Structures are given as structure tokens and as C-alpha cells.
>>> print(open('query13.cif').read())   # mmCIF, C-alpha atoms (C1' of nucleotides)
data_my_file
#
loop_
_atom_site.label_atom_id
_atom_site.label_comp_id
_atom_site.auth_asym_id
_atom_site.auth_seq_id
_atom_site.Cartn_x
_atom_site.Cartn_y
_atom_site.Cartn_z
CA MET A 1 -17.84 -51.04 58.94
CA PRO A 2 -15.38 -53.88 58.27
CA ALA A 3 -12.29 -54.12 60.48
CA THR A 4 -9.98 -53.51 57.52
CA ASP A 5 -11.68 -50.19 56.82
CA ARG A 6 -11.29 -49.12 60.42
CA ILE A 7 -7.58 -49.95 60.24
CA SER A 8 -7.18 -47.86 57.09
CA GLN A 9 -9.10 -44.97 58.61
CA SER A 10 -6.91 -45.02 61.71
CA LEU A 11 -3.82 -44.70 59.60
CA THR A 12 -5.26 -41.85 57.57
CA ARG A 13 -6.54 -40.04 60.63
CA HIS A 14 -3.05 -40.05 62.13
CA GLY A 15 -1.40 -38.89 58.94
CA LEU A 16 0.29 -42.19 58.10
CA ARG A 17 0.59 -43.69 54.65
CA GLN A 18 -1.14 -46.97 53.85
CA THR A 19 1.27 -49.89 53.53
CA THR A 20 0.85 -53.61 53.83
CA VAL A 21 3.07 -53.90 56.87
CA ARG A 22 1.38 -51.04 58.69
CA ARG A 23 -2.10 -52.41 58.17
CA ALA A 24 -0.96 -55.84 59.33
CA VAL A 25 0.79 -54.54 62.46
CA LEU A 26 -2.09 -52.32 63.46
CA GLN A 27 -4.55 -55.15 62.99
CA VAL A 28 -2.49 -57.49 65.18
CA LEU A 29 -2.33 -54.91 67.96
CA ALA A 30 -5.98 -53.88 67.66
CA GLU A 31 -7.13 -57.47 67.91
CA SER A 32 -4.88 -58.50 70.80
CA PRO A 33 -6.53 -58.50 74.23
CA TYR A 34 -3.15 -57.87 75.84
CA ALA A 35 0.05 -55.95 75.14
CA LEU A 36 2.58 -57.48 72.73
CA SER A 37 6.34 -57.30 72.38
CA GLY A 38 8.10 -56.72 69.07
CA GLY A 39 8.87 -60.41 68.79
CA GLU A 40 5.32 -61.44 69.57
CA ILE A 41 3.97 -59.09 66.94
CA GLU A 42 6.47 -60.46 64.44
CA GLN A 43 5.18 -63.98 65.04
CA GLN A 44 1.66 -62.93 64.19
CA LEU A 45 2.64 -61.20 60.97
CA PRO A 46 2.91 -62.95 57.59
CA PRO A 47 6.16 -64.93 57.33
CA ASN A 48 9.22 -63.05 56.06
CA THR A 49 7.94 -59.70 57.22
CA ASP A 50 11.04 -57.59 57.76
CA ARG A 51 11.88 -57.09 61.42
CA ILE A 52 13.49 -53.70 60.91
CA THR A 53 10.43 -52.43 59.15
CA LEU A 54 8.34 -53.71 62.02
CA TYR A 55 10.34 -51.78 64.59
CA ARG A 56 10.21 -48.63 62.48
CA THR A 57 6.48 -49.10 62.12
CA LEU A 58 6.08 -49.40 65.88
CA LYS A 59 8.07 -46.22 66.34
CA SER A 60 5.98 -44.23 63.90
CA PHE A 61 2.77 -45.60 65.43
CA GLU A 62 3.96 -44.56 68.85
CA ASP A 63 4.99 -41.10 67.64
CA SER A 64 1.63 -40.53 66.01
CA GLY A 65 -0.46 -41.72 68.95
CA LEU A 66 -1.78 -44.98 67.50
CA ILE A 67 -0.15 -47.21 70.10
CA HIS A 68 1.42 -46.79 73.52
CA ARG A 69 4.23 -48.51 75.35
CA VAL A 70 3.19 -50.50 78.37
CA ILE A 71 5.31 -50.24 81.51
CA ASP A 72 6.89 -53.37 82.88
CA THR A 73 9.87 -54.49 84.93
CA THR A 74 11.41 -56.64 82.21
CA ASP A 75 13.84 -55.73 79.46
CA VAL A 76 11.23 -56.30 76.77
CA VAL A 77 9.07 -53.42 75.57
CA ARG A 78 5.41 -54.15 74.95
CA TYR A 79 2.84 -52.20 72.99
CA ALA A 80 -0.93 -51.86 73.02
CA ALA A 81 -3.34 -50.05 70.72
CA CYS A 82 -4.32 -46.63 72.04
CA SER A 83 -7.84 -45.54 72.77
CA ILE A 84 -9.31 -43.79 69.77
CA GLU A 85 -8.88 -40.27 71.16
CA CYS A 86 -5.07 -40.33 71.24
CA SER A 87 -3.03 -38.23 68.83
CA ALA A 88 0.57 -37.36 68.19
CA ASP A 89 0.22 -34.34 70.45
CA ALA A 90 -1.53 -35.98 73.38
CA HIS A 91 -2.05 -39.42 74.72
CA PHE A 92 -5.16 -40.08 76.78
CA ASP A 93 -4.43 -43.59 77.91
CA ASN A 94 -4.98 -42.89 81.57
CA HIS A 95 -5.94 -46.43 82.37
CA VAL A 96 -4.37 -48.98 84.68
CA HIS A 97 -2.47 -52.00 83.34
CA PHE A 98 -2.66 -55.43 84.88
CA LYS A 99 0.04 -58.08 84.58
CA CYS A 100 -0.93 -61.65 85.38
CA THR A 101 1.70 -63.56 87.33
CA ASN A 102 0.40 -66.77 85.82
CA CYS A 103 -0.01 -66.17 82.08
CA LEU A 104 2.29 -63.10 82.09
CA HIS A 105 -0.08 -61.17 79.84
CA ILE A 106 -0.48 -57.45 80.42
CA TYR A 107 -4.03 -56.20 80.00
CA CYS A 108 -5.25 -52.65 79.57
CA LEU A 109 -8.01 -52.05 82.11
CA ASN A 110 -9.58 -49.28 80.09
CA GLN A 111 -12.35 -48.74 82.59
CA VAL A 112 -9.99 -48.19 85.55
CA THR A 113 -8.56 -44.67 85.69
CA ILE A 114 -5.19 -44.00 87.30
CA PRO A 115 -5.71 -42.15 90.60
CA ALA A 116 -3.72 -38.95 91.16
CA VAL A 117 -1.16 -38.50 93.93
CA THR A 118 0.13 -35.46 95.78
CA LEU A 119 3.75 -34.81 95.00
CA PRO A 120 6.54 -33.12 96.97
CA ALA A 121 7.26 -29.49 96.15
CA LYS A 122 8.82 -28.78 92.74
CA PHE A 123 7.98 -32.15 91.23
CA GLU A 124 5.46 -31.77 88.42
CA ALA A 125 3.90 -34.81 86.80
CA VAL A 126 2.71 -34.85 83.21
CA THR A 127 2.26 -38.56 82.60
CA ARG A 128 1.17 -41.42 84.84
CA ASP A 129 1.65 -45.16 84.52
CA TYR A 130 0.14 -47.70 86.87
CA LEU A 131 0.80 -51.44 86.71
CA LEU A 132 -0.87 -54.01 88.91
CA GLY A 133 0.39 -57.55 89.38
CA GLY A 134 -1.80 -60.49 90.30
CA VAL A 135 -3.95 -63.20 88.83
CA CYS A 136 -6.15 -62.27 85.91
CA ARG A 137 -9.73 -63.30 85.24
CA GLU A 138 -8.80 -66.20 82.97
CA CYS A 139 -6.22 -67.62 85.37
CA GLN A 140 -8.37 -67.55 88.52
CA PRO A 141 -8.80 -71.00 90.09
CA ALA A 142 -12.33 -72.32 89.61
CA MET B 1 27.91 -46.47 112.31
CA PRO B 2 30.10 -46.22 109.17
CA ALA B 3 28.48 -46.84 105.82
CA THR B 4 30.61 -49.93 105.17
CA ASP B 5 29.30 -51.54 108.37
CA ARG B 6 25.73 -50.85 107.33
CA ILE B 7 26.41 -52.49 103.97
CA SER B 8 27.82 -55.58 105.67
CA GLN B 9 24.92 -55.75 108.08
CA SER B 10 22.42 -55.57 105.24
CA LEU B 11 24.05 -58.54 103.53
CA THR B 12 24.09 -60.56 106.74
CA ARG B 13 20.52 -59.68 107.61
CA HIS B 14 19.37 -60.98 104.23
CA GLY B 15 21.37 -64.17 104.49
CA LEU B 16 23.95 -63.26 101.86
CA ARG B 17 27.65 -63.96 102.08
CA GLN B 18 30.12 -61.09 102.26
CA THR B 19 32.05 -60.62 99.05
CA THR B 20 33.92 -57.73 97.53
CA VAL B 21 31.61 -57.41 94.55
CA ARG B 22 28.46 -57.57 96.66
CA ARG B 23 29.60 -54.88 99.04
CA ALA B 24 30.59 -52.67 96.11
CA VAL B 25 27.31 -53.15 94.23
CA LEU B 26 25.18 -52.55 97.29
CA GLN B 27 27.11 -49.43 98.14
CA VAL B 28 26.67 -48.02 94.64
CA LEU B 29 22.91 -48.59 94.78
CA ALA B 30 22.52 -47.36 98.33
CA GLU B 31 24.31 -44.12 97.51
CA SER B 32 22.55 -43.42 94.23
CA PRO B 33 19.69 -40.91 94.43
CA TYR B 34 18.05 -42.55 91.43
CA ALA B 35 17.60 -46.02 89.94
CA LEU B 36 20.49 -47.51 87.97
CA SER B 37 20.74 -49.96 85.07
CA GLY B 38 23.18 -52.85 85.01
CA GLY B 39 25.50 -50.88 82.73
CA GLU B 40 25.37 -47.80 84.93
CA ILE B 41 26.22 -49.82 88.01
CA GLU B 42 29.09 -51.45 86.16
CA GLN B 43 30.55 -48.03 85.35
CA GLN B 44 30.61 -47.11 89.02
CA LEU B 45 32.33 -50.31 90.12
CA PRO B 46 36.11 -50.80 90.21
CA PRO B 47 37.48 -51.46 86.69
CA ASN B 48 37.55 -55.09 85.52
CA THR B 49 34.66 -56.10 87.72
CA ASP B 50 33.10 -59.07 85.98
CA ARG B 51 29.82 -58.24 84.27
CA ILE B 52 28.33 -61.71 84.72
CA THR B 53 29.03 -61.61 88.42
CA LEU B 54 27.33 -58.22 88.56
CA TYR B 55 24.14 -59.53 86.95
CA ARG B 56 24.12 -62.55 89.23
CA THR B 57 24.63 -60.28 92.20
CA LEU B 58 21.68 -58.14 91.14
CA LYS B 59 19.55 -61.26 90.83
CA SER B 60 20.40 -62.52 94.30
CA PHE B 61 19.87 -59.03 95.78
CA GLU B 62 16.47 -58.89 94.15
CA ASP B 63 15.54 -62.39 95.31
CA SER B 64 16.50 -61.60 98.87
CA GLY B 65 14.71 -58.26 99.06
CA LEU B 66 17.71 -55.92 99.09
CA ILE B 67 16.85 -54.14 95.86
CA HIS B 68 13.81 -53.78 93.62
CA ARG B 69 13.31 -53.38 89.91
CA VAL B 70 11.93 -50.06 88.82
CA ILE B 71 9.21 -50.03 86.17
CA ASP B 72 9.87 -48.15 82.98
CA THR B 73 8.86 -48.12 79.32
CA THR B 74 12.34 -48.80 77.97
CA ASP B 75 14.10 -52.07 77.28
CA VAL B 76 16.61 -51.47 80.05
CA VAL B 77 15.96 -52.74 83.56
CA ARG B 78 16.82 -50.43 86.43
CA TYR B 79 17.29 -51.16 90.12
CA ALA B 80 17.04 -49.22 93.35
CA ALA B 81 17.87 -50.10 96.93
CA CYS B 82 14.86 -51.27 98.90
CA SER B 83 13.58 -49.70 102.05
CA ILE B 84 15.03 -51.43 105.07
CA GLU B 85 11.92 -53.47 105.87
CA CYS B 86 11.93 -55.56 102.69
CA SER B 87 12.79 -59.25 102.81
CA ALA B 88 12.92 -62.21 100.47
CA ASP B 89 9.34 -63.05 101.39
CA ALA B 90 7.80 -59.63 101.07
CA HIS B 91 8.62 -56.33 99.45
CA PHE B 92 7.24 -53.19 101.03
CA ASP B 93 8.29 -50.67 98.43
CA ASN B 94 4.85 -49.19 98.04
CA HIS B 95 6.17 -45.87 96.90
CA VAL B 96 5.72 -43.96 93.67
CA HIS B 97 8.56 -43.58 91.15
CA PHE B 98 9.19 -40.41 89.20
CA LYS B 99 10.97 -40.26 85.85
CA CYS B 100 12.29 -36.89 84.74
CA THR B 101 11.77 -36.17 81.06
CA ASN B 102 14.82 -33.92 81.13
CA CYS B 103 17.58 -35.81 82.97
CA LEU B 104 15.87 -39.22 82.50
CA HIS B 105 16.63 -40.23 86.06
CA ILE B 106 14.05 -42.29 87.92
CA TYR B 107 13.65 -41.32 91.56
CA CYS B 108 12.00 -43.26 94.37
CA LEU B 109 9.53 -40.95 96.08
CA ASN B 110 9.63 -42.89 99.34
CA GLN B 111 7.21 -40.54 101.03
CA VAL B 112 4.48 -40.92 98.38
CA THR B 113 2.41 -44.08 98.76
CA ILE B 114 0.76 -45.71 95.76
CA PRO B 115 -3.02 -45.18 95.96
CA ALA B 116 -5.25 -48.23 95.60
CA VAL B 117 -7.75 -48.74 92.79
CA THR B 118 -10.97 -50.67 92.50
CA LEU B 119 -10.66 -53.53 90.07
CA PRO B 120 -13.20 -55.34 87.89
CA ALA B 121 -14.56 -58.61 89.24
CA LYS B 122 -12.15 -61.54 89.38
CA PHE B 123 -9.00 -59.46 89.02
CA GLU B 124 -6.92 -59.61 92.18
CA ALA B 125 -3.89 -57.40 92.61
CA VAL B 126 -0.92 -58.37 94.74
CA THR B 127 1.67 -55.85 93.62
CA ARG B 128 1.41 -52.23 92.49
CA ASP B 129 3.79 -50.07 90.48
CA TYR B 130 3.26 -46.40 89.81
CA LEU B 131 5.49 -44.27 87.59
CA LEU B 132 5.10 -40.55 87.07
CA GLY B 133 6.69 -38.62 84.24
CA GLY B 134 7.56 -34.95 84.40
CA VAL B 135 10.26 -32.53 85.40
CA CYS B 136 12.15 -33.26 88.59
CA ARG B 137 13.23 -30.84 91.28
CA GLU B 138 16.75 -30.39 89.91
CA CYS B 139 15.60 -29.80 86.34
CA GLN B 140 12.92 -27.19 87.13
CA PRO B 141 13.55 -23.85 85.36
CA ALA B 142 14.65 -21.18 87.83
"C1'" DT C 1 0.36 -40.98 35.15
"C1'" DG C 2 4.51 -38.78 36.59
"C1'" DT C 3 7.16 -37.25 40.66
"C1'" DG C 4 9.26 -36.79 45.17
"C1'" DA C 5 9.13 -37.90 49.75
"C1'" DA C 6 8.21 -41.70 52.62
"C1'" DA C 7 8.61 -46.47 53.60
"C1'" DC C 8 10.83 -50.78 52.74
"C1'" DG C 9 14.28 -54.41 53.21
"C1'" DC C 10 18.90 -56.22 53.25
"C1'" DA C 11 23.55 -56.50 55.58
"C1'" DA C 12 25.98 -55.53 59.31
"C1'" DT C 13 26.35 -53.97 64.05
"C1'" DT C 14 25.35 -52.76 68.92
"C1'" DT C 15 23.67 -53.52 73.45
"C1'" DA C 16 21.87 -56.17 77.27
"C1'" DG C 17 21.81 -60.07 79.39
"C1'" DT C 18 22.63 -65.46 79.80
"C1'" DT C 19 24.66 -70.34 80.09
"C1'" DG C 20 28.07 -73.80 81.17
"C1'" DC C 21 31.94 -75.00 83.69
"C1'" DA C 22 36.24 -74.95 86.13
"C1'" DT C 23 38.31 -72.24 89.99
"C1'" DT C 24 38.24 -69.66 94.17
"C1'" DT C 25 36.47 -68.22 98.61
"C1'" DA C 26 33.43 -67.28 102.70
"C1'" DA C 27 31.83 -69.12 106.75
"C1'" DA C 28 30.49 -72.92 109.59
"C1'" DA C 29 32.27 -77.24 111.65
"C1'" DA C 30 36.03 -79.89 113.58
"C1'" DT D 1 43.28 -72.62 113.84
"C1'" DT D 2 42.49 -75.81 110.21
"C1'" DT D 3 39.28 -78.32 107.48
"C1'" DT D 4 35.42 -78.69 104.69
"C1'" DT D 5 31.97 -77.60 101.37
"C1'" DA D 6 28.52 -75.09 99.38
"C1'" DA D 7 28.31 -70.68 97.38
"C1'" DA D 8 30.28 -67.17 94.54
"C1'" DT D 9 33.39 -65.93 90.97
"C1'" DG D 10 35.19 -65.24 86.30
"C1'" DC D 11 36.23 -66.75 81.70
"C1'" DA D 12 34.54 -68.11 76.96
"C1'" DA D 13 30.98 -68.44 74.20
"C1'" DC D 14 26.35 -67.38 73.09
"C1'" DT D 15 21.36 -65.53 72.58
"C1'" DA D 16 17.93 -62.09 71.90
"C1'" DA D 17 16.34 -57.49 71.01
"C1'" DA D 18 16.85 -53.59 68.72
"C1'" DT D 19 19.43 -50.20 65.62
"C1'" DT D 20 22.11 -47.90 61.67
"C1'" DG D 21 23.33 -47.06 56.93
"C1'" DC D 22 21.99 -47.21 52.34
"C1'" DG D 23 20.12 -48.46 47.95
"C1'" DT D 24 15.38 -49.74 46.14
"C1'" DT D 25 10.48 -49.57 46.02
"C1'" DT D 26 5.97 -47.56 46.69
"C1'" DC D 27 2.31 -44.43 48.12
"C1'" DA D 28 -0.27 -40.32 47.47
"C1'" DC D 29 -0.76 -35.92 45.60
"C1'" DA D 30 -0.63 -33.11 41.60
#
>>> encode(input="query13.cif", output="C-alpha cells")
Amino acid sequence: MPATDRISQSLTRHGLRQTTVRRAVLQVLAESPYALSGGEIEQQLPPNTDRITLYRTLKSFEDSGLIHRVIDTTDVVRYAACSIECSADAHFDNHVHFKCTNCLHIYCLNQVTIPAVTLPAKFEAVTRDYLLGGVCRECQPA
Amino acid sequence: MPATDRISQSLTRHGLRQTTVRRAVLQVLAESPYALSGGEIEQQLPPNTDRITLYRTLKSFEDSGLIHRVIDTTDVVRYAACSIECSADAHFDNHVHFKCTNCLHIYCLNQVTIPAVTLPAKFEAVTRDYLLGGVCRECQPA
DNA sequence: TGTGAAACGCAATTTAGTTGCATTTAAAAA
DNA sequence: TTTTTAAATGCAACTAAATTGCGTTTCACA
């Protein structure tokens, strides 16, 4: 199945209407090996794509479980495509993220599950985010 | 020992000069039970405290190991006072953070250590951040 | 193919944080 | 105690990211 068909199917499956901007944004995120900020996504879209529309698109994608925010310690929000099982009701992105101190990219380590912790009394966790910092595969010295 | 003396000692120990703004900022962070953003700190400082000075103060505190950034999924950076052992060379804040979905406060769970994970080949982690989401002690239904 | 709700896109605005530079001040030396 | 000087401050101006309101366009179902 061509990539464009998969994009369209994702939109339909999550109850979102097909538009040019949405297909383009989802494709950019699906093809990126690391999480992207709003500005970075904008750069990869066709010129003159409206920035407000982009941000609204990101919001609706997030609400419907197509993408997830990636935790970081900066003042820029980054997004990554969700695993295919996520929906508006429940996210299942229980994987660790890895931020490279060299290239600054944040990768989803889909194969590494976030370990649970024991909490103090009366704290109840629903979501977990785990971010590692270090040197990624590409930036390792030879 | 009075709190003001402890504040002064912290500054000295980390090689920072004593100034009015620094003492005030450090006191606000040391007394807060949860992480604060730049704007929130500003609100708790004496009126007319210069915002630029505040941000520069936060930067030098972070550089010298007095405070640490707290990970989040928003576009606002928050800070919390470090444990006493941290220095410019090494941070030892290996504790879990907890963000309440009700009051939105982010607490340092100093007694809960971040568990390690096994990484794919050629990824090497130096830092770890762990954020839980859920309902905090104060916001639990009675 | 017509219709209504959803999405778009423009203008204007808000919020967070930054840069450059002249002035002031803390703290070590004289 | 005074001098010295590097560090910290504070003002003006600015940048970047994201948001709000509103009229126009478009998708998708009938």
C-alpha cells in the first residue's frame, strides 16, 4: 500500500476529514525519525502553508491520538507520530525517548518500555514519560 | 540556622555572589513545594523586580547546580531547587517528577529514584528524566 | 449536487524569553 | 577602610512561538 494511502487511512480511522494540510503534516511526522517542533514541521511543508492552520492541525492530531507530545526541558514543544494503536481515548506510547546532546534530536525508542515505579501513598499515576540524554547512534565517535 | 543564612550559604557554596535578587529567587524556589515557571517566580518576587535579571539569575543557578529544569510537555520551562549535593559539574537529581492533572503542579518526588532501562546498542545515556501524570495527594477525592 | 459543519487563512495579539549596553555593586586586594 | 574590577543589574528594544477572532472555503454525507 502506498504511503499516501496509509496517511489517508490514518485520518479516516481517527475520524478526521481529509485536507491537503493534514495529509502533508501527517506525512512529515510519519517520515521523520525524530520528534519535530512546530517550526520544524512548517519548514518541511510546502511554502506558504498557513502557520495557524498548522498549529490547529497539530492540536486536532494530538486530541485524536495520531501524534503525541514529546517531553523536553526546553520551551519548544515537539511532536512525534503515535504508534498505530493509539486513539483519542487512550494513548499507548509507553516507550522511552532519547535526546542526543550532540545533534539535539529526540528519538522514540519504540522497543524500550518505560519501567514502572512505586509511588508514595495517595499518588496515582496514569501517564508516564521517560527521557534519556546522551549520544545517539549516529553521533557516536567511530 | 535561619532560612536566610541557608540561602546565603548555598550561594557561597556554589561560587555565586550575594545579591538581593538572587537571595529572593532562591528563597522562592526553595520554599515552593512544586516547580515554578519564570512567570510564576516573578509573581512571588518583590514588585518591580527586573524580568531580565530574573532569567539571567535562573540561568546562572542552573549552570552552577542550584536548581534544575523540570521536564514537561508544555512550552513553558519550570524550575525546582536541587538537592543539596548538586554542583556545577554534576547534578544528582535522580528523582521522579509528578504532574497533577488537576492542579497542574509538578512535584519532585525526592524519595523515588528513576529506574534504569536497557538501551539498544550504541545508545549511551548520561541523564534521565521521568515524569508521571496523575492525581496528586492534595487533589485526591475524599 | 446541494448543504451544513468543519477546516482554512488572514490580521492582529499575547506570552516567554533574549540581546546589547551603560550603570551599579559585591567582594577581594591594597 | 578604601580602592579596584569583574560581575550583576536594569533599561530599551527585539525575537520567536503560539493564540484568538472572524469571514471564507471545502469536505463529506445525504
>>> closest_residue(input="query13.cif", among="B:Leu26, B:Val112, B:Thr4, B:Phe61", to="B:Gln44", atoms="all atoms listed in the file")
B:Leu26
>>> atom_distance(input="query13.cif", atom1="atom CA of A:Gly65", atom2="atom CA of A:Ser10")
10.2 Å
>>> interface_residues(input="query13.cif", of="chain C", to="chain B", cutoff="10 Å", atoms="all atoms listed in the file", output="PyMOL selection string")
chain C and resi 15-18+25-27
>>> closest_atom_pairs(input="query13.cif", of="chain A", to="chain B", cutoff="8 Å", atoms="only C-alpha atoms", output="CSV")
residue,atom,partner,partner_atom,distance
A:Arg69,CA,B:Thr73,CA,6.1
A:Val70,CA,B:Thr73,CA,6.2
A:Ile71,CA,B:Thr73,CA,4.7
A:Asp72,CA,B:Ile71,CA,5.2
A:Thr73,CA,B:Ile71,CA,4.7
A:Thr74,CA,B:Val77,CA,6.1
A:Asp75,CA,B:Asp75,CA,4.3
A:Val76,CA,B:Asp75,CA,5.1
A:Val77,CA,B:Asp75,CA,5.5
A:Val112,CA,B:Leu119,CA,7.0
A:Ile114,CA,B:Val117,CA,7.7
A:Pro115,CA,B:Pro115,CA,6.7
A:Ala116,CA,B:Pro115,CA,7.9
A:Val117,CA,B:Pro115,CA,7.2
A:Thr118,CA,B:Val112,CA,7.4
A:Leu119,CA,B:Val112,CA,7.0
A:Ala121,CA,B:Arg137,CA,7.8
A:Lys122,CA,B:Arg137,CA,5.1
A:Phe123,CA,B:Cys136,CA,5.1
A:Glu124,CA,B:Gly134,CA,5.5
A:Ala125,CA,B:Gly134,CA,4.4
A:Val126,CA,B:Gly134,CA,5.0
A:Thr127,CA,B:Gly133,CA,4.7
A:Arg128,CA,B:Leu132,CA,4.6
A:Asp129,CA,B:Leu131,CA,5.0
A:Tyr130,CA,B:Tyr130,CA,4.5
A:Leu131,CA,B:Asp129,CA,5.0
A:Leu132,CA,B:Arg128,CA,4.6
A:Gly133,CA,B:Thr127,CA,4.7
A:Gly134,CA,B:Ala125,CA,4.4
A:Val135,CA,B:Glu124,CA,5.7
A:Cys136,CA,B:Phe123,CA,5.1
A:Arg137,CA,B:Lys122,CA,5.1
A:Gln140,CA,B:Lys122,CA,7.2
>>> interface_residues(input="query13.cif", of="chain D", to="chain B", cutoff="9 Å", atoms="all atoms listed in the file", output="CSV table (one decimal) with C-alpha atoms (C1' of nucleotides), in the coordinates of the input")
chain,number,residue,atom,x,y,z
D,7,DA,C1',28.3,-70.7,97.4
D,8,DA,C1',30.3,-67.2,94.5
D,9,DT,C1',33.4,-65.9,91.0
D,10,DG,C1',35.2,-65.2,86.3
D,17,DA,C1',16.3,-57.5,71.0
>>> atom_distance(input="query13.cif", atom1="atom CA of A:Asp93", atom2="atom C1' of C:DA7")
27.7 Å
>>> resolve_selection(input="query13.cif", expression="the PyMOL selection byres ((chain C and resi 29) around 8)", output="VMD selection string")
(chain C and resid 28 30) or (chain D and resid 4)
>>> write_last_selection(input="query13.cif", atoms="C-alpha atoms (C1' of nucleotides)", output="mmCIF file, in the frame of the given file")
data_model
loop_
_atom_site.group_PDB
_atom_site.id
_atom_site.type_symbol
_atom_site.label_atom_id
_atom_site.label_comp_id
_atom_site.auth_asym_id
_atom_site.auth_seq_id
_atom_site.Cartn_x
_atom_site.Cartn_y
_atom_site.Cartn_z
ATOM 1 C "C1'" DA C 28 30.490 -72.920 109.590
ATOM 2 C "C1'" DA C 30 36.030 -79.890 113.580
ATOM 3 C "C1'" DT D 4 35.420 -78.690 104.690
#
>>> resolve_selection(input="query13.cif", expression="the PyMOL selection byres ((chain D and resi 19) around 8)", output="list in words")
DT14 of chain C; DA18 and DT20 of chain D
>>> atom_distance(input="query13.cif", atom1="atom CA of B:Tyr107", atom2="atom CA of B:Ser83")
13.4 Å
>>> build_atoms(input="query13.cif", residues="stretch 104-122 of chain A", atoms="N, CA, C and O atoms", output="PDB file, in the coordinates of the input")
ATOM      1  N   LEU A 104       1.340 -64.169  82.411  1.00  0.00           N
ATOM      2  CA  LEU A 104       2.290 -63.100  82.090  1.00  0.00           C
ATOM      3  C   LEU A 104       1.747 -62.066  81.097  1.00  0.00           C
ATOM      4  O   LEU A 104       2.479 -61.176  80.657  1.00  0.00           O
ATOM      5  N   HIS A 105       0.499 -62.167  80.739  1.00  0.00           N
ATOM      6  CA  HIS A 105      -0.080 -61.170  79.840  1.00  0.00           C
ATOM      7  C   HIS A 105      -0.316 -59.856  80.579  1.00  0.00           C
ATOM      8  O   HIS A 105      -0.617 -59.851  81.766  1.00  0.00           O
ATOM      9  N   ILE A 106      -0.183 -58.769  79.840  1.00  0.00           N
ATOM     10  CA  ILE A 106      -0.480 -57.450  80.420  1.00  0.00           C
ATOM     11  C   ILE A 106      -1.723 -56.900  79.744  1.00  0.00           C
ATOM     12  O   ILE A 106      -1.739 -56.686  78.526  1.00  0.00           O
ATOM     13  N   TYR A 107      -2.767 -56.692  80.528  1.00  0.00           N
ATOM     14  CA  TYR A 107      -4.030 -56.200  80.000  1.00  0.00           C
ATOM     15  C   TYR A 107      -4.206 -54.717  80.266  1.00  0.00           C
ATOM     16  O   TYR A 107      -3.792 -54.222  81.314  1.00  0.00           O
ATOM     17  N   CYS A 108      -4.829 -54.019  79.331  1.00  0.00           N
ATOM     18  CA  CYS A 108      -5.250 -52.650  79.570  1.00  0.00           C
ATOM     19  C   CYS A 108      -6.605 -52.704  80.256  1.00  0.00           C
ATOM     20  O   CYS A 108      -7.557 -53.262  79.713  1.00  0.00           O
ATOM     21  N   LEU A 109      -6.705 -52.146  81.448  1.00  0.00           N
ATOM     22  CA  LEU A 109      -8.010 -52.050  82.110  1.00  0.00           C
ATOM     23  C   LEU A 109      -8.589 -50.673  81.780  1.00  0.00           C
ATOM     24  O   LEU A 109      -8.485 -49.736  82.569  1.00  0.00           O
ATOM     25  N   ASN A 110      -9.169 -50.590  80.603  1.00  0.00           N
ATOM     26  CA  ASN A 110      -9.580 -49.280  80.090  1.00  0.00           C
ATOM     27  C   ASN A 110     -10.595 -48.568  80.972  1.00  0.00           C
ATOM     28  O   ASN A 110     -10.700 -47.342  80.953  1.00  0.00           O
ATOM     29  N   GLN A 111     -11.316 -49.355  81.751  1.00  0.00           N
ATOM     30  CA  GLN A 111     -12.350 -48.740  82.590  1.00  0.00           C
ATOM     31  C   GLN A 111     -11.820 -48.281  83.948  1.00  0.00           C
ATOM     32  O   GLN A 111     -12.550 -47.657  84.713  1.00  0.00           O
ATOM     33  N   VAL A 112     -10.552 -48.594  84.256  1.00  0.00           N
ATOM     34  CA  VAL A 112      -9.990 -48.190  85.550  1.00  0.00           C
ATOM     35  C   VAL A 112      -9.011 -47.031  85.358  1.00  0.00           C
ATOM     36  O   VAL A 112      -7.950 -47.187  84.757  1.00  0.00           O
ATOM     37  N   THR A 113      -9.393 -45.863  85.856  1.00  0.00           N
ATOM     38  CA  THR A 113      -8.560 -44.670  85.690  1.00  0.00           C
ATOM     39  C   THR A 113      -7.463 -44.620  86.755  1.00  0.00           C
ATOM     40  O   THR A 113      -7.691 -45.004  87.900  1.00  0.00           O
ATOM     41  N   ILE A 114      -6.310 -44.131  86.367  1.00  0.00           N
ATOM     42  CA  ILE A 114      -5.190 -44.000  87.300  1.00  0.00           C
ATOM     43  C   ILE A 114      -5.495 -42.891  88.301  1.00  0.00           C
ATOM     44  O   ILE A 114      -5.758 -41.753  87.898  1.00  0.00           O
ATOM     45  N   PRO A 115      -5.460 -43.195  89.608  1.00  0.00           N
ATOM     46  CA  PRO A 115      -5.710 -42.150  90.600  1.00  0.00           C
ATOM     47  C   PRO A 115      -4.516 -41.202  90.704  1.00  0.00           C
ATOM     48  O   PRO A 115      -3.379 -41.601  90.479  1.00  0.00           O
ATOM     49  N   ALA A 116      -4.791 -39.943  91.032  1.00  0.00           N
ATOM     50  CA  ALA A 116      -3.720 -38.950  91.160  1.00  0.00           C
ATOM     51  C   ALA A 116      -3.059 -39.063  92.524  1.00  0.00           C
ATOM     52  O   ALA A 116      -3.613 -39.643  93.460  1.00  0.00           O
ATOM     53  N   VAL A 117      -1.850 -38.530  92.640  1.00  0.00           N
ATOM     54  CA  VAL A 117      -1.160 -38.500  93.930  1.00  0.00           C
ATOM     55  C   VAL A 117      -0.677 -37.065  94.178  1.00  0.00           C
ATOM     56  O   VAL A 117      -0.547 -36.269  93.247  1.00  0.00           O
ATOM     57  N   THR A 118      -0.425 -36.765  95.427  1.00  0.00           N
ATOM     58  CA  THR A 118       0.130 -35.460  95.780  1.00  0.00           C
ATOM     59  C   THR A 118       1.642 -35.574  95.838  1.00  0.00           C
ATOM     60  O   THR A 118       2.172 -36.445  96.531  1.00  0.00           O
ATOM     61  N   LEU A 119       2.305 -34.714  95.098  1.00  0.00           N
ATOM     62  CA  LEU A 119       3.750 -34.810  95.000  1.00  0.00           C
ATOM     63  C   LEU A 119       4.464 -33.813  95.903  1.00  0.00           C
ATOM     64  O   LEU A 119       3.876 -32.795  96.287  1.00  0.00           O
ATOM     65  N   PRO A 120       5.739 -34.094  96.217  1.00  0.00           N
ATOM     66  CA  PRO A 120       6.540 -33.120  96.970  1.00  0.00           C
ATOM     67  C   PRO A 120       6.710 -31.846  96.147  1.00  0.00           C
ATOM     68  O   PRO A 120       6.534 -31.856  94.917  1.00  0.00           O
ATOM     69  N   ALA A 121       7.068 -30.776  96.810  1.00  0.00           N
ATOM     70  CA  ALA A 121       7.260 -29.490  96.150  1.00  0.00           C
ATOM     71  C   ALA A 121       8.238 -29.603  94.985  1.00  0.00           C
ATOM     72  O   ALA A 121       9.215 -30.320  95.050  1.00  0.00           O
ATOM     73  N   LYS A 122       7.934 -28.896  93.907  1.00  0.00           N
ATOM     74  CA  LYS A 122       8.820 -28.780  92.740  1.00  0.00           C
ATOM     75  C   LYS A 122       8.870 -30.016  91.851  1.00  0.00           C
ATOM     76  O   LYS A 122       9.630 -30.044  90.902  1.00  0.00           O
TER      77      LYS A 122
END
